Amino acid sequence: MRLATLFAAAVILSVVTQAAERRVPLGVELYRPVPSDNRLTPAKIALGRRLFFDRRLSRDGTHSCASCHEPRRAFTDGRSVAHGIGGTRGRRNSPTLVNRAWGRTFFFDGRARSLEDLALRPILDPTELGSTADAVLSLAKSRYRSQFRTAFDAEPSLELIAKALASYLRTIVDGNSAFDRFAAGNDSALTTSARRGHTLFNGKAGCGQCHSGTNFTDDEFHNTGVAWRTGVLTDEGRAGVTTAPADRGAFKTPTLREISRTAPYMHDGSLATLNDVIEYYDGGGVKNPMLDSKVRALKLAPTEKADLAAFLTSLTGQIQEGR
């Protein structure tokens with residue numbers, strides 16, 4: 001018994017020590033998933049951060065990854081859809097990057113399998129940064145060779161550029177919201193209205209069926225009707241990747257963390273405010289042949305809608321990055 005007790009104490013001490021070293025915000029899962037072939041190091045993170053903010057990665061030197069994912073906007077851009085070089089406009093909204101280390105799917109249609117797979121796609125997309133593989137590699141060799149040698153003990157390559165960017169993305173962590181403090185036992189952290197909204201969220205409104213877990217997303221794909229206009233599908237969504245008819249108009253469930261700071265909403269930025277989102281779901285979405293069965297008319301009272309908005313606003317926390 002004594003040995004077992006000492007072992008248990010050692011495990012607890014180890015967990016607490018790791019949490020302290022990482023300075024994990026309240027509400028965030030302790031263990032950050034990291035692939036075995038791209039362990040986090042300070043050198044990789046620093047290199048990835050520099051690349052993330054470097055406008056020279058775009059074809060005309062006007063855009064960086066941060067142009068669509070601004071730290072001051074919870075790593076979004078405030079636009080309905082992403083704007084690229086030369087005034088080009090993408091098809092979809094720029095989602096927040098917070099807590100993506102815990103993500104299982106990436107992009108609204110899930111076309112990327114990992115952060116490494118995601119990292120170069122916007123840089124090489126003609127409607128975003130519009131660069132080429134040769135240009136990106138040339139910049140890395142001419143401006144970042146010594147940093148790659150320090151971080152990877154290797155010459156720059158497209159694979160290592162992606163790994164450096166992915167390393168930085170894994171450090172963008174959000175937590176310590178009012179709700180996190182409430183969930184940790186601080187009863188005064190939430191207003192009475194937000195508490196009622198939390199009950200609605202997990203009960204009558206049913207939001208928690210898809211916006212689940214510590215990141216308030218199931219990382220699955222759902223057709224909520226947003227892509228349908230007067231009976232016409234405007235975006236194939238997940239079906240553009242899988243070709244499965246059942247996936248037509250389905251999009252990944254976004255995290256609700258920082259939701260009060262990441263307007264406009266939905267994959268196409270078509271809903272301007274949080275109240276617009278609540279009204280949309282209250283009405284049961286747009287009917288279509290593949291509408292998710294979880295989407296139904298809620299018929300909430302005005303006070304219930306206000307309570308739900310209060311709870312969602314309580315998910316605004318503190319973002320840390322670069323460590």
# chains A, B, ... in the order shown; residues from 1 in each chain; ligands from 1

call {"tool": "residues_around", "arguments": {"residues": "range 27-35 of chain A", "least_positions_apart": "5", "cutoff": "12 Å", "atoms": "only C-alpha atoms", "output": "PyMOL selection string"}}
result
chain A and resi 14-22+40-41+98-104+114-116+163+166-185+213-216+257+315-320+323

call {"tool": "write_last_selection", "arguments": {"atoms": "N, CA and C atoms", "output": "compact mmCIF listing (two decimals), in the first residue's frame"}}
result
# COMPACT_ATOMS: atom_id res chain seq x y z
N SER A 14 4.05 14.61 -11.24
CA SER A 14 4.52 14.70 -12.62
C SER A 14 3.53 15.48 -13.47
N VAL A 15 2.23 15.18 -13.30
CA VAL A 15 1.20 15.87 -14.07
C VAL A 15 1.18 17.35 -13.75
N VAL A 16 1.22 17.67 -12.44
CA VAL A 16 1.20 19.07 -12.01
C VAL A 16 2.43 19.80 -12.53
N THR A 17 3.59 19.15 -12.47
CA THR A 17 4.83 19.77 -12.96
C THR A 17 4.75 20.07 -14.45
N GLN A 18 4.24 19.10 -15.23
CA GLN A 18 4.11 19.33 -16.66
C GLN A 18 3.17 20.49 -16.94
N ALA A 19 2.06 20.55 -16.20
CA ALA A 19 1.10 21.64 -16.40
C ALA A 19 1.74 22.98 -16.07
N ALA A 20 2.52 23.02 -15.00
CA ALA A 20 3.17 24.27 -14.61
C ALA A 20 4.20 24.70 -15.64
N GLU A 21 4.95 23.73 -16.16
CA GLU A 21 5.97 24.06 -17.15
C GLU A 21 5.33 24.61 -18.42
N ARG A 22 4.16 24.07 -18.79
CA ARG A 22 3.51 24.51 -20.01
C ARG A 22 2.64 25.73 -19.77
N LEU A 40 7.67 19.10 -30.48
CA LEU A 40 7.82 20.54 -30.28
C LEU A 40 9.15 20.88 -29.64
N THR A 41 9.81 21.89 -30.19
CA THR A 41 11.02 22.44 -29.59
C THR A 41 10.93 23.96 -29.71
N VAL A 98 -7.40 28.73 -32.73
CA VAL A 98 -7.15 28.37 -31.33
C VAL A 98 -7.41 26.88 -31.08
N ASN A 99 -6.51 26.29 -30.32
CA ASN A 99 -6.63 24.90 -29.86
C ASN A 99 -6.71 23.88 -30.99
N ARG A 100 -6.12 24.22 -32.12
CA ARG A 100 -6.15 23.27 -33.24
C ARG A 100 -5.19 22.11 -33.03
N ALA A 101 -4.33 22.21 -32.02
CA ALA A 101 -3.48 21.06 -31.70
C ALA A 101 -4.32 19.85 -31.36
N TRP A 102 -5.53 20.09 -30.84
CA TRP A 102 -6.41 18.99 -30.45
C TRP A 102 -7.40 18.62 -31.56
N GLY A 103 -7.26 19.24 -32.73
CA GLY A 103 -8.18 18.96 -33.82
C GLY A 103 -7.90 17.61 -34.49
N ARG A 104 -8.95 17.04 -35.05
CA ARG A 104 -8.81 15.78 -35.79
C ARG A 104 -9.00 15.98 -37.29
N SER A 114 -3.80 16.76 -41.13
CA SER A 114 -3.01 17.18 -39.98
C SER A 114 -2.63 18.64 -40.16
N LEU A 115 -2.06 19.24 -39.12
CA LEU A 115 -1.58 20.62 -39.24
C LEU A 115 -0.42 20.70 -40.23
N GLU A 116 0.38 19.63 -40.30
CA GLU A 116 1.46 19.61 -41.30
C GLU A 116 0.88 19.60 -42.71
N LYS A 163 6.41 21.56 -41.24
CA LYS A 163 6.57 21.12 -39.85
C LYS A 163 6.81 22.31 -38.92
N ALA A 166 3.46 24.10 -38.54
CA ALA A 166 2.57 23.28 -37.71
C ALA A 166 2.97 23.37 -36.24
N SER A 167 4.27 23.42 -35.98
CA SER A 167 4.74 23.52 -34.60
C SER A 167 4.24 24.80 -33.95
N TYR A 168 4.32 25.91 -34.68
CA TYR A 168 3.81 27.16 -34.13
C TYR A 168 2.29 27.10 -33.93
N LEU A 169 1.57 26.57 -34.91
CA LEU A 169 0.11 26.49 -34.81
C LEU A 169 -0.32 25.72 -33.56
N ARG A 170 0.45 24.70 -33.19
CA ARG A 170 0.09 23.91 -32.01
C ARG A 170 0.22 24.69 -30.71
N THR A 171 0.90 25.82 -30.75
CA THR A 171 1.07 26.61 -29.52
C THR A 171 -0.02 27.66 -29.35
N ILE A 172 -0.93 27.81 -30.31
CA ILE A 172 -2.00 28.80 -30.20
C ILE A 172 -3.11 28.17 -29.36
N VAL A 173 -3.13 28.53 -28.09
CA VAL A 173 -3.97 27.86 -27.11
C VAL A 173 -4.87 28.88 -26.41
N ASP A 174 -6.12 28.50 -26.24
CA ASP A 174 -7.09 29.40 -25.63
C ASP A 174 -7.80 28.72 -24.46
N GLY A 175 -7.92 29.42 -23.35
CA GLY A 175 -8.62 28.90 -22.19
C GLY A 175 -8.83 29.98 -21.16
N ASN A 176 -9.09 29.57 -19.92
CA ASN A 176 -9.29 30.49 -18.81
C ASN A 176 -10.44 31.47 -19.06
N SER A 177 -11.49 30.97 -19.70
CA SER A 177 -12.69 31.78 -19.91
C SER A 177 -13.51 31.80 -18.63
N ALA A 178 -14.53 32.64 -18.61
CA ALA A 178 -15.43 32.65 -17.45
C ALA A 178 -16.05 31.28 -17.25
N PHE A 179 -16.41 30.62 -18.35
CA PHE A 179 -16.99 29.28 -18.21
C PHE A 179 -15.98 28.29 -17.64
N ASP A 180 -14.73 28.39 -18.07
CA ASP A 180 -13.69 27.49 -17.53
C ASP A 180 -13.55 27.67 -16.03
N ARG A 181 -13.59 28.91 -15.59
CA ARG A 181 -13.48 29.18 -14.15
C ARG A 181 -14.69 28.63 -13.39
N PHE A 182 -15.86 28.76 -14.02
CA PHE A 182 -17.08 28.21 -13.42
C PHE A 182 -17.00 26.69 -13.34
N ALA A 183 -16.55 26.06 -14.43
CA ALA A 183 -16.45 24.60 -14.46
C ALA A 183 -15.44 24.09 -13.45
N ALA A 184 -14.45 24.94 -13.12
CA ALA A 184 -13.42 24.55 -12.14
C ALA A 184 -13.86 24.78 -10.71
N GLY A 185 -15.09 25.28 -10.52
CA GLY A 185 -15.61 25.41 -9.16
C GLY A 185 -15.88 26.81 -8.68
N GLY A 213 -17.24 18.53 -25.84
CA GLY A 213 -15.86 18.45 -25.37
C GLY A 213 -15.31 19.78 -24.91
N THR A 214 -14.05 19.79 -24.53
CA THR A 214 -13.44 21.00 -24.01
C THR A 214 -13.28 22.08 -25.06
N ASN A 215 -13.26 21.70 -26.33
CA ASN A 215 -13.15 22.69 -27.41
C ASN A 215 -14.48 23.00 -28.07
N PHE A 216 -15.55 22.42 -27.54
CA PHE A 216 -16.89 22.70 -28.05
C PHE A 216 -17.01 22.42 -29.55
N ARG A 257 -15.10 28.30 -28.82
CA ARG A 257 -14.20 29.14 -28.03
C ARG A 257 -13.92 30.43 -28.80
N LEU A 315 -17.52 32.02 -23.21
CA LEU A 315 -16.45 31.17 -23.74
C LEU A 315 -15.28 32.01 -24.26
N THR A 316 -15.34 33.32 -24.10
CA THR A 316 -14.21 34.18 -24.46
C THR A 316 -13.15 34.06 -23.37
N GLY A 317 -11.94 33.69 -23.76
CA GLY A 317 -10.90 33.44 -22.77
C GLY A 317 -9.64 34.24 -23.01
N GLN A 318 -8.51 33.62 -22.74
CA GLN A 318 -7.20 34.23 -22.93
C GLN A 318 -6.39 33.35 -23.88
N ILE A 319 -5.80 33.96 -24.88
CA ILE A 319 -5.03 33.22 -25.88
C ILE A 319 -3.55 33.39 -25.63
N GLN A 320 -2.84 32.28 -25.64
CA GLN A 320 -1.37 32.32 -25.60
C GLN A 320 -0.84 31.64 -26.86
N ARG A 323 4.54 29.14 -27.30
CA ARG A 323 5.22 28.40 -26.22
C ARG A 323 4.50 27.09 -25.94

call {"tool": "residues_around", "arguments": {"residues": "Arg121 in chain A", "least_positions_apart": "5", "cutoff": "10 Å", "atoms": "only C-alpha atoms", "output": "PyMOL selection string"}}
result
chain A and resi 112+116+126+128-131+162

call {"tool": "write_last_selection", "arguments": {"atoms": "N, CA and C atoms", "output": "compact mmCIF listing (two decimals), in the first residue's frame"}}
result
# COMPACT_ATOMS: atom_id res chain seq x y z
N ALA A 112 -7.59 18.46 -45.13
CA ALA A 112 -6.26 18.24 -44.58
C ALA A 112 -6.33 17.24 -43.43
N GLU A 116 0.38 19.63 -40.30
CA GLU A 116 1.46 19.61 -41.30
C GLU A 116 0.88 19.60 -42.71
N PRO A 126 -3.87 29.90 -55.18
CA PRO A 126 -3.88 31.12 -56.01
C PRO A 126 -4.80 32.21 -55.47
N GLU A 128 -5.27 32.81 -52.26
CA GLU A 128 -4.82 33.26 -50.94
C GLU A 128 -3.43 33.90 -51.05
N LEU A 129 -2.36 33.22 -50.67
CA LEU A 129 -1.05 33.84 -50.78
C LEU A 129 -0.45 33.70 -52.18
N GLY A 130 -0.94 32.75 -52.96
CA GLY A 130 -0.61 32.67 -54.38
C GLY A 130 0.84 32.40 -54.72
N SER A 131 1.59 31.80 -53.82
CA SER A 131 3.00 31.53 -54.09
C SER A 131 3.16 30.19 -54.80
N ALA A 162 6.58 23.06 -43.59
CA ALA A 162 5.27 22.68 -43.07
C ALA A 162 5.36 22.27 -41.60

call {"tool": "residues_around", "arguments": {"residues": "Val241 in chain A", "least_positions_apart": "3", "cutoff": "8 Å", "atoms": "only C-alpha atoms", "output": "ChimeraX atom specification"}}
result
/A:109-111,237-238

call {"tool": "write_last_selection", "arguments": {"atoms": "N, CA and C atoms", "output": "PDB file, in the first residue's frame"}}
result
ATOM      1  N   ASP A 109     -13.961  21.659 -44.920  1.00  0.00           N
ATOM      2  CA  ASP A 109     -14.351  20.423 -45.607  1.00  0.00           C
ATOM      3  C   ASP A 109     -13.481  19.226 -45.211  1.00  0.00           C
ATOM      4  N   GLY A 110     -12.539  19.441 -44.283  1.00  0.00           N
ATOM      5  CA  GLY A 110     -11.721  18.343 -43.780  1.00  0.00           C
ATOM      6  C   GLY A 110     -10.707  17.798 -44.759  1.00  0.00           C
ATOM      7  N   ARG A 111     -10.288  18.612 -45.715  1.00  0.00           N
ATOM      8  CA  ARG A 111      -9.389  18.090 -46.750  1.00  0.00           C
ATOM      9  C   ARG A 111      -7.958  17.877 -46.265  1.00  0.00           C
ATOM     10  N   GLY A 237     -19.172  21.401 -49.846  1.00  0.00           N
ATOM     11  CA  GLY A 237     -18.684  21.096 -48.517  1.00  0.00           C
ATOM     12  C   GLY A 237     -17.872  19.813 -48.472  1.00  0.00           C
ATOM     13  N   ARG A 238     -18.140  18.982 -47.495  1.00  0.00           N
ATOM     14  CA  ARG A 238     -17.389  17.744 -47.301  1.00  0.00           C
ATOM     15  C   ARG A 238     -17.457  16.831 -48.518  1.00  0.00           C
TER      16      ARG A 238
END

call {"tool": "residues_around", "arguments": {"residues": "Ala250 in chain A", "least_positions_apart": "5", "cutoff": "12 Å", "atoms": "only C-alpha atoms", "output": "mmCIF file with N, CA and C atoms, in the first residue's frame"}}
result
data_model
loop_
_atom_site.group_PDB
_atom_site.id
_atom_site.type_symbol
_atom_site.label_atom_id
_atom_site.label_comp_id
_atom_site.auth_asym_id
_atom_site.auth_seq_id
_atom_site.Cartn_x
_atom_site.Cartn_y
_atom_site.Cartn_z
ATOM 1 N N PHE A 108 -12.815 23.623 -43.360
ATOM 2 C CA PHE A 108 -14.248 23.377 -43.214
ATOM 3 C C PHE A 108 -14.694 22.085 -43.890
ATOM 4 N N ASP A 109 -13.961 21.659 -44.920
ATOM 5 C CA ASP A 109 -14.351 20.423 -45.607
ATOM 6 C C ASP A 109 -13.481 19.226 -45.211
ATOM 7 N N GLY A 110 -12.539 19.441 -44.283
ATOM 8 C CA GLY A 110 -11.721 18.343 -43.780
ATOM 9 C C GLY A 110 -10.707 17.798 -44.759
ATOM 10 N N ASP A 219 -15.581 17.906 -34.167
ATOM 11 C CA ASP A 219 -14.698 17.748 -35.321
ATOM 12 C C ASP A 219 -15.324 16.838 -36.379
ATOM 13 N N GLU A 220 -16.639 16.788 -36.405
ATOM 14 C CA GLU A 220 -17.360 16.031 -37.414
ATOM 15 C C GLU A 220 -18.008 16.996 -38.400
ATOM 16 N N PHE A 221 -18.708 16.440 -39.391
ATOM 17 C CA PHE A 221 -19.286 17.242 -40.466
ATOM 18 C C PHE A 221 -20.804 17.128 -40.443
ATOM 19 N N HIS A 222 -21.461 18.278 -40.518
ATOM 20 C CA HIS A 222 -22.918 18.309 -40.430
ATOM 21 C C HIS A 222 -23.492 19.265 -41.478
ATOM 22 N N ASN A 223 -24.612 18.869 -42.038
ATOM 23 C CA ASN A 223 -25.362 19.732 -42.952
ATOM 24 C C ASN A 223 -26.395 20.482 -42.126
ATOM 25 N N THR A 224 -26.176 21.772 -41.936
ATOM 26 C CA THR A 224 -27.119 22.591 -41.167
ATOM 27 C C THR A 224 -27.970 23.475 -42.070
ATOM 28 N N GLY A 225 -27.810 23.311 -43.375
ATOM 29 C CA GLY A 225 -28.628 24.051 -44.329
ATOM 30 C C GLY A 225 -28.068 25.378 -44.774
ATOM 31 N N VAL A 226 -26.950 25.813 -44.206
ATOM 32 C CA VAL A 226 -26.407 27.135 -44.530
ATOM 33 C C VAL A 226 -26.010 27.242 -46.001
ATOM 34 N N ALA A 227 -25.559 26.154 -46.576
ATOM 35 C CA ALA A 227 -25.079 26.192 -47.969
ATOM 36 C C ALA A 227 -26.202 26.165 -48.999
ATOM 37 N N TRP A 228 -27.446 26.062 -48.556
ATOM 38 C CA TRP A 228 -28.577 25.972 -49.473
ATOM 39 C C TRP A 228 -29.269 27.322 -49.605
ATOM 40 N N LEU A 233 -27.821 24.153 -53.900
ATOM 41 C CA LEU A 233 -26.630 23.992 -53.070
ATOM 42 C C LEU A 233 -25.513 24.884 -53.607
ATOM 43 N N THR A 234 -25.003 25.774 -52.767
ATOM 44 C CA THR A 234 -23.990 26.733 -53.199
ATOM 45 C C THR A 234 -22.558 26.259 -52.950
ATOM 46 N N ASP A 235 -22.380 25.237 -52.110
ATOM 47 C CA ASP A 235 -21.047 24.733 -51.792
ATOM 48 C C ASP A 235 -21.177 23.260 -51.419
ATOM 49 N N GLU A 236 -20.425 22.401 -52.083
ATOM 50 C CA GLU A 236 -20.505 20.963 -51.841
ATOM 51 C C GLU A 236 -20.022 20.571 -50.450
ATOM 52 N N GLY A 237 -19.172 21.401 -49.846
ATOM 53 C CA GLY A 237 -18.684 21.096 -48.517
ATOM 54 C C GLY A 237 -17.872 19.813 -48.472
ATOM 55 N N ARG A 238 -18.140 18.982 -47.495
ATOM 56 C CA ARG A 238 -17.389 17.744 -47.301
ATOM 57 C C ARG A 238 -17.457 16.831 -48.518
ATOM 58 N N ALA A 239 -18.550 16.879 -49.260
ATOM 59 C CA ALA A 239 -18.697 16.023 -50.439
ATOM 60 C C ALA A 239 -17.659 16.344 -51.510
ATOM 61 N N GLY A 240 -17.113 17.569 -51.488
ATOM 62 C CA GLY A 240 -16.056 17.908 -52.424
ATOM 63 C C GLY A 240 -14.791 17.114 -52.185
ATOM 64 N N VAL A 241 -14.676 16.538 -50.975
ATOM 65 C CA VAL A 241 -13.524 15.713 -50.617
ATOM 66 C C VAL A 241 -13.864 14.232 -50.747
ATOM 67 N N THR A 242 -15.033 13.851 -50.234
ATOM 68 C CA THR A 242 -15.384 12.429 -50.186
ATOM 69 C C THR A 242 -16.166 11.950 -51.403
ATOM 70 N N THR A 243 -16.822 12.879 -52.119
ATOM 71 C CA THR A 243 -17.739 12.601 -53.247
ATOM 72 C C THR A 243 -18.997 11.850 -52.790
ATOM 73 N N ALA A 244 -19.190 11.664 -51.500
ATOM 74 C CA ALA A 244 -20.361 10.948 -51.002
ATOM 75 C C ALA A 244 -21.588 11.857 -51.028
ATOM 76 N N PRO A 245 -22.685 11.426 -51.640
ATOM 77 C CA PRO A 245 -23.889 12.259 -51.698
ATOM 78 C C PRO A 245 -24.379 12.707 -50.316
ATOM 79 N N MET A 266 -20.336 31.019 -39.737
ATOM 80 C CA MET A 266 -20.624 29.951 -40.698
ATOM 81 C C MET A 266 -19.499 29.866 -41.737
ATOM 82 N N HIS A 267 -19.515 28.796 -42.506
ATOM 83 C CA HIS A 267 -18.415 28.545 -43.443
ATOM 84 C C HIS A 267 -18.276 29.655 -44.474
ATOM 85 N N ASN A 288 -33.414 20.901 -46.539
ATOM 86 C CA ASN A 288 -32.817 20.327 -47.746
ATOM 87 C C ASN A 288 -32.760 18.815 -47.563
ATOM 88 N N PRO A 289 -32.521 18.063 -48.637
ATOM 89 C CA PRO A 289 -32.597 16.595 -48.538
ATOM 90 C C PRO A 289 -31.617 15.969 -47.550
ATOM 91 N N MET A 290 -30.470 16.623 -47.284
ATOM 92 C CA MET A 290 -29.462 16.044 -46.397
ATOM 93 C C MET A 290 -29.357 16.765 -45.051
ATOM 94 N N LEU A 291 -30.363 17.547 -44.684
ATOM 95 C CA LEU A 291 -30.306 18.304 -43.440
ATOM 96 C C LEU A 291 -30.077 17.364 -42.263
ATOM 97 N N ASP A 292 -29.111 17.712 -41.406
ATOM 98 C CA ASP A 292 -28.805 16.878 -40.248
ATOM 99 C C ASP A 292 -30.035 16.763 -39.344
#

call {"tool": "closest_residue", "arguments": {"among": "A:Arg149, A:Arg56, A:Lys204, A:Arg296", "to": "Thr132 in chain A", "atoms": "only C-alpha atoms"}}
result
A:Arg56

call {"tool": "atom_distance", "arguments": {"atom1": "CA of Ala272 in chain A", "atom2": "CA of Ser80 in chain A"}}
result
8.2 Å

call {"tool": "closest_atom_pairs", "arguments": {"of": "range 230-258 of chain A", "to": "range 303-313 of chain A", "cutoff": "12 Å", "atoms": "only C-alpha atoms", "output": "CSV"}}
result
residue,atom,partner,partner_atom,distance
A:Thr255,CA,A:Leu312,CA,11.1
A:Leu256,CA,A:Leu312,CA,7.4
A:Arg257,CA,A:Leu312,CA,8.2
A:Glu258,CA,A:Thr313,CA,7.7

call {"tool": "write_last_selection", "arguments": {"atoms": "N, CA and C atoms", "output": "compact mmCIF listing (two decimals), in the first residue's frame"}}
result
# COMPACT_ATOMS: atom_id res chain seq x y z
N THR A 255 -15.15 25.28 -33.51
CA THR A 255 -15.08 25.49 -32.06
C THR A 255 -15.89 26.72 -31.69
N LEU A 256 -16.45 26.71 -30.50
CA LEU A 256 -17.17 27.89 -30.01
C LEU A 256 -16.31 28.74 -29.09
N ARG A 257 -15.10 28.30 -28.82
CA ARG A 257 -14.20 29.14 -28.03
C ARG A 257 -13.92 30.43 -28.80
N GLU A 258 -13.97 31.54 -28.07
CA GLU A 258 -13.75 32.88 -28.64
C GLU A 258 -14.86 33.29 -29.62

call {"tool": "atom_distance", "arguments": {"atom1": "CA of Lys287 in chain A", "atom2": "CA of Asn275 in chain A"}}
result
20.3 Å
